[in-house]
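Q: The structure file input07.txt (compact mmCIF, C-alpha atoms) is provided below.
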```
# COMPACT_ATOMS: atom_id res chain seq x y z
CA MET A 1 172.57 24.65 -3.21
CA MET A 2 170.21 24.41 -0.22
CA MET A 3 173.13 23.96 2.21
CA MET A 4 175.00 26.92 0.74
CA SER A 5 171.92 29.15 1.02
CA SER A 6 171.45 28.07 4.64
CA ASN A 7 175.04 29.03 5.45
CA GLU A 8 174.69 32.32 3.58
CA ILE A 9 171.51 33.11 5.51
CA LYS A 10 173.25 32.35 8.82
CA LYS A 11 176.27 34.46 7.89
CA SER A 12 174.13 37.47 6.97
CA ALA A 13 171.91 37.02 10.05
CA LEU A 14 174.96 36.74 12.31
CA ASN A 15 176.30 40.08 11.05
CA HIS A 16 172.94 41.79 11.49
CA PHE A 17 172.22 40.31 14.94
CA ALA A 18 175.76 41.30 16.03
CA SER A 19 175.39 44.90 14.89
CA SER A 20 171.65 45.61 15.28
CA GLY A 21 170.47 43.08 17.85
CA TYR A 22 167.56 40.71 17.55
CA ASP A 23 164.84 43.37 17.36
CA GLY A 24 166.79 45.51 14.90
CA THR A 25 167.25 42.64 12.45
CA SER A 26 164.59 41.76 9.91
CA LEU A 27 164.33 38.64 7.79
CA SER A 28 163.68 40.90 4.78
CA VAL A 29 167.10 42.52 5.12
CA ILE A 30 168.78 39.13 5.56
CA ALA A 31 167.00 37.79 2.47
CA SER A 32 168.01 40.85 0.47
CA ASP A 33 171.67 40.37 1.52
CA VAL A 34 171.60 36.78 0.36
CA GLY A 35 169.74 37.56 -2.84
CA ILE A 36 166.59 35.58 -2.10
CA LYS A 37 163.00 36.39 -1.22
CA LYS A 38 162.07 36.50 2.46
CA GLN A 39 159.78 33.49 2.02
CA SER A 40 162.76 31.41 0.85
CA ILE A 41 164.30 31.68 4.33
CA TYR A 42 161.45 29.52 5.61
CA ALA A 43 162.73 26.61 3.50
CA HIS A 44 165.75 26.60 5.84
CA PHE A 45 164.47 27.98 9.15
CA ALA A 46 160.96 27.89 10.61
CA ASN A 47 161.22 31.49 11.80
CA LYS A 48 163.57 34.20 13.05
CA ASP A 49 163.78 32.58 16.50
CA GLU A 50 165.01 29.29 15.07
CA LEU A 51 167.59 31.12 12.94
CA PHE A 52 168.78 33.12 15.95
CA LEU A 53 169.02 30.09 18.25
CA LYS A 54 170.90 28.08 15.60
CA ILE A 55 173.44 30.88 15.25
CA MET A 56 173.74 31.13 19.04
CA GLU A 57 174.38 27.39 19.30
CA GLU A 58 177.08 27.51 16.60
CA VAL A 59 178.74 30.62 18.07
CA LEU A 60 178.96 29.01 21.52
CA ILE A 61 180.55 25.87 20.05
CA GLN A 62 183.01 28.00 18.10
CA GLU A 63 183.82 30.15 21.14
CA THR A 64 184.45 27.09 23.33
CA SER A 65 186.73 25.70 20.63
CA TYR A 66 188.60 29.02 20.45
CA ILE A 67 189.10 29.08 24.24
CA LYS A 68 190.51 25.54 24.28
CA SER A 69 192.77 26.37 21.34
CA PHE A 70 193.98 29.64 22.91
CA PHE A 71 195.00 28.01 26.18
CA SER A 72 196.53 25.03 24.41
CA LYS A 73 198.69 27.29 22.20
CA ASN A 74 199.71 29.39 25.21
CA ASN A 75 200.26 26.44 27.52
CA THR A 76 203.89 27.32 28.31
CA LEU A 77 203.16 30.90 29.39
CA ALA A 78 202.99 31.82 33.06
CA LEU A 79 199.44 31.88 34.43
CA GLU A 80 199.40 35.67 34.77
CA LYS A 81 200.43 36.21 31.14
CA LYS A 82 198.04 33.69 29.60
CA LEU A 83 195.03 34.95 31.56
CA PHE A 84 195.77 38.60 30.77
CA GLN A 85 196.42 37.88 27.08
CA PHE A 86 193.16 35.97 26.86
CA LEU A 87 191.29 39.09 27.97
CA GLN A 88 193.37 41.33 25.69
CA GLN A 89 192.45 39.17 22.71
CA TYR A 90 188.76 39.95 23.24
CA SER A 91 189.10 43.54 22.10
CA LYS A 92 190.81 42.39 18.90
CA ARG A 93 188.26 39.67 18.31
CA TYR A 94 185.39 42.06 19.08
CA GLU A 95 186.64 44.43 16.38
CA SER A 96 187.23 41.74 13.76
CA GLN A 97 184.69 38.95 14.36
CA ALA A 98 180.92 39.11 14.19
CA GLU A 99 180.75 35.96 16.34
CA THR A 100 182.40 37.72 19.27
CA ARG A 101 180.18 40.82 18.87
CA PHE A 102 177.12 38.57 18.65
CA LEU A 103 178.06 36.64 21.79
CA LEU A 104 178.73 39.74 23.85
CA ARG A 105 175.62 41.54 22.68
CA MET A 106 173.31 38.57 23.15
CA GLY A 107 174.95 37.55 26.41
CA PHE A 108 174.23 40.91 27.99
CA LEU A 109 171.18 41.97 25.92
CA PRO A 110 169.25 38.80 24.96
CA PRO A 111 165.89 39.07 23.18
CA THR A 112 163.22 39.31 25.86
CA HIS A 113 161.06 36.45 24.60
CA LEU A 114 164.10 34.15 24.23
CA HIS A 115 165.73 35.24 27.47
CA GLN A 116 165.53 31.90 29.27
CA GLN A 117 166.78 29.88 26.28
CA VAL A 118 169.71 32.26 25.78
CA ILE A 119 170.57 32.27 29.48
CA ASP A 120 170.40 28.45 29.67
CA SER A 121 172.78 28.20 26.69
CA LEU A 122 175.12 30.76 28.26
CA TYR A 123 175.15 28.96 31.60
CA ASN A 124 176.17 25.75 29.81
CA TYR A 125 178.92 27.74 28.08
CA TYR A 126 180.05 29.29 31.39
CA ASP A 127 180.08 25.85 33.04
CA GLU A 128 182.37 24.60 30.27
CA LEU A 129 184.56 27.71 30.56
CA GLU A 130 184.80 27.15 34.30
CA GLU A 131 185.94 23.54 33.77
CA ILE A 132 188.63 24.68 31.30
CA LEU A 133 189.85 27.36 33.70
CA ILE A 134 189.84 25.04 36.72
CA GLU A 135 192.21 22.72 34.88
CA ILE A 136 194.48 25.64 33.92
CA PHE A 137 194.51 27.13 37.42
CA THR A 138 195.07 23.69 38.97
CA ASN A 139 198.13 23.23 36.75
CA HIS A 140 199.45 26.55 38.14
CA LYS A 141 198.21 26.26 41.72
CA ASP A 142 201.69 27.09 43.06
CA SER A 143 201.31 30.53 41.43
CA ILE A 144 198.27 31.47 43.50
CA ILE A 145 197.31 31.63 47.18
CA THR A 146 193.54 31.67 46.62
CA PRO A 147 191.62 28.38 46.31
CA VAL A 148 191.37 27.42 42.64
CA SER A 149 187.56 27.53 42.47
CA GLU A 150 187.44 31.03 43.97
CA ALA A 151 190.21 32.31 41.67
CA VAL A 152 188.34 30.92 38.65
CA ILE A 153 184.97 32.40 39.64
CA ALA A 154 186.60 35.78 40.33
CA TYR A 155 188.36 35.62 36.94
CA ILE A 156 185.05 34.97 35.17
CA GLY A 157 183.58 37.93 37.09
CA LEU A 158 186.51 40.06 35.93
CA CYS A 159 185.87 38.90 32.35
CA ASP A 160 182.22 39.94 32.59
CA SER A 161 183.13 43.34 34.00
CA VAL A 162 185.63 44.28 31.31
CA LEU A 163 183.55 42.81 28.49
CA VAL A 164 180.54 44.90 29.49
CA GLU A 165 182.82 47.94 29.19
CA LEU A 166 183.92 46.78 25.73
CA LEU A 167 180.31 46.31 24.62
CA TYR A 168 178.99 49.61 25.92
CA SER A 169 181.97 51.97 25.81
CA GLY A 170 184.55 50.70 23.33
CA ASN A 171 188.18 49.69 23.40
CA ASP A 172 189.70 52.69 25.23
CA ARG A 173 187.50 52.31 28.30
CA PHE A 174 187.85 48.52 28.07
CA GLN A 175 191.65 48.84 28.23
CA ARG A 176 191.48 51.26 31.15
CA ARG A 177 189.15 49.00 33.13
CA LEU A 178 191.11 45.87 32.24
CA ASN A 179 194.44 47.32 33.35
CA ALA A 180 193.06 48.57 36.67
CA CYS A 181 191.02 45.46 37.48
CA TRP A 182 193.78 43.11 36.40
CA LYS A 183 196.35 44.62 38.78
CA VAL A 184 194.03 44.30 41.75
CA TYR A 185 192.87 40.79 40.76
CA TRP A 186 196.37 39.42 40.24
CA GLN A 187 197.76 41.00 43.41
CA GLY A 188 194.90 39.41 45.31
CA ILE A 189 195.42 35.84 44.10
CA ARG A 190 199.13 35.55 43.33
CA SER A 191 201.55 33.66 45.49
CA LYS A 192 204.06 35.96 47.16
CA GLU A 193 206.88 33.80 45.74
CA GLU A 194 205.82 34.74 42.21
```
Once more with this new file: its structure as structure tokens, please.

A:
Amino acid sequence: MMMMSSNEIKKSALNHFASSGYDGTSLSVIASDVGIKKQSIYAHFANKDELFLKIMEEVLIQETSYIKSFFSKNNTLALEKKLFQFLQQYSKRYESQAETRFLLRMGFLPPTHLHQQVIDSLYNYYDELEEILIEIFTNHKDSIITPVSEAVIAYIGLCDSVLVELLYSGNDRFQRRLNACWKVYWQGIRSKEE
């Protein structure tokens, strides 16, 4: 029962953090969602910060797993297609998954007092993402004229740019920015033989 309550608390907290942010989420509301008293949360988590950081840790593990799975399933696609589809999937995942909304919101708007811990976790995540992408780009290095490390860093920058648009402005503006940025990015790195 204790494990189930812990998971229920995390699920409710994830949804609230994703939609209302850290400051807009109260333990009282989470407790009410789960059907327990606020004090009962402390049997599972020392405080709101611990709950938040635990969710962040789990979301980053899940996101890294998703990225590996996405590129593994799309291994046979041309580099251009797999990279573009990866970005396209974000808008769908943002609409349907609290984990994706949480990650974007907290990545760009972390709680002030937890800023350094969130940023450290995100940098570890970005380092892992970079390693995954370096392997993918290296496997397709004949498709590009830009050095692999530069193409990867620019791709991550492109990701950040379009995801900020998704977070702040919604899917229509995200699609517009993605389509424009993608054309310029791909023309800049692709091999002329492609």

Q: Taking only C-alpha atoms into account, name the residue in A:Trp186, A:Tyr126, A:Phe108, A:Phe17 that is nearest to Leu167 of chain A.

A: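 Closest residue, counting only C-alpha atoms: A:Phe108.
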
Q: Using only C-alpha atoms, find the one residue out of A:Phe52, A:Phe102, A:Phe86, A:Trp182 that sits nearest to Leu114 of chain A.

A: A:Phe52

Q: Just want the 10 Å neighbourhood of Leu178 of chain A, counted on all atoms listed in the file, with same-chain residues fewer than 3 positions away dropped. Output as a short mmCIF file (atom, residue, chain, number, x, y, z; two decimals) with C-alpha atoms, keeping the file's coordinate frame.

A:
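Contents of the output file around_37.cif:
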```cif
data_model
loop_
_atom_site.label_atom_id
_atom_site.label_comp_id
_atom_site.auth_asym_id
_atom_site.auth_seq_id
_atom_site.Cartn_x
_atom_site.Cartn_y
_atom_site.Cartn_z
CA PHE A 84 195.77 38.60 30.77
CA LEU A 87 191.29 39.09 27.97
CA GLN A 88 193.37 41.33 25.69
CA LEU A 158 186.51 40.06 35.93
CA CYS A 159 185.87 38.90 32.35
CA SER A 161 183.13 43.34 34.00
CA VAL A 162 185.63 44.28 31.31
CA LEU A 163 183.55 42.81 28.49
CA GLU A 165 182.82 47.94 29.19
CA LEU A 166 183.92 46.78 25.73
CA ASP A 172 189.70 52.69 25.23
CA ARG A 173 187.50 52.31 28.30
CA PHE A 174 187.85 48.52 28.07
CA GLN A 175 191.65 48.84 28.23
CA CYS A 181 191.02 45.46 37.48
CA TRP A 182 193.78 43.11 36.40
CA LYS A 183 196.35 44.62 38.78
#
```

Q: Select, from A:Lys48, A:Arg101, A:Arg176, A:His16, the residue with the minimum atom-to-atom distance to Asp33 of chain A, counting all atoms listed in the file.

A: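 For Asp33 of chain A, the nearest of the given residues is A:His16.
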
Q: Closest to Leu104 of chain A among A:Thr76, A:Asn124, A:Ser19, A:Gln187, using only C-alpha atoms?

A: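 Answer, going by the shortest atom-to-atom distance: A:Ser19.
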
Q: Do a neighbour search on Arg190 of chain A at 8 Å with all atoms listed in the file, toss out local chain neighbours closer than 5 positions, and write the hits as a list in words.

A: Ser143, Ile144, Ile145 and Thr146 of chain A

Q: Just give me the residues with any atom within 10 Å of (198.3, 30.6, 33.1), file coordinates, counting only C-alpha atoms, written as an NGL selection string.

A: :A and (71 or 74-86 or 133 or 136-141 or 143)

Q: What residues have an atom no more than 7 Å from (185.1, 29.3, 37.2) in the file's own frame, counting all atoms listed in the file, and can you write them as a ChimeraX atom specification?

A: /A:129-131,133-134,149,152-153,156

Q: Calculate how many Å separate atom CA of Arg105 of chain A from atom CA of Tyr42 of chain A, rounding to one decimal.

A: 25.2 Å

Q: To one decimal in Å, tell me the separation between atom CA of Gln117 of chain A and atom CA of Ile36 of chain A.

A: 28.9 Å

Q: Using only C-alpha atoms, which residue out of A:Met56, A:Ala31, A:Leu122, A:Val164 lies closest to His44 of chain A?

A: A:Ala31

Q: What does the distance between atom CA of Phe70 of chain A and atom CA of Gln89 of chain A come to in Å, to one decimal place?

A: 9.7 Å
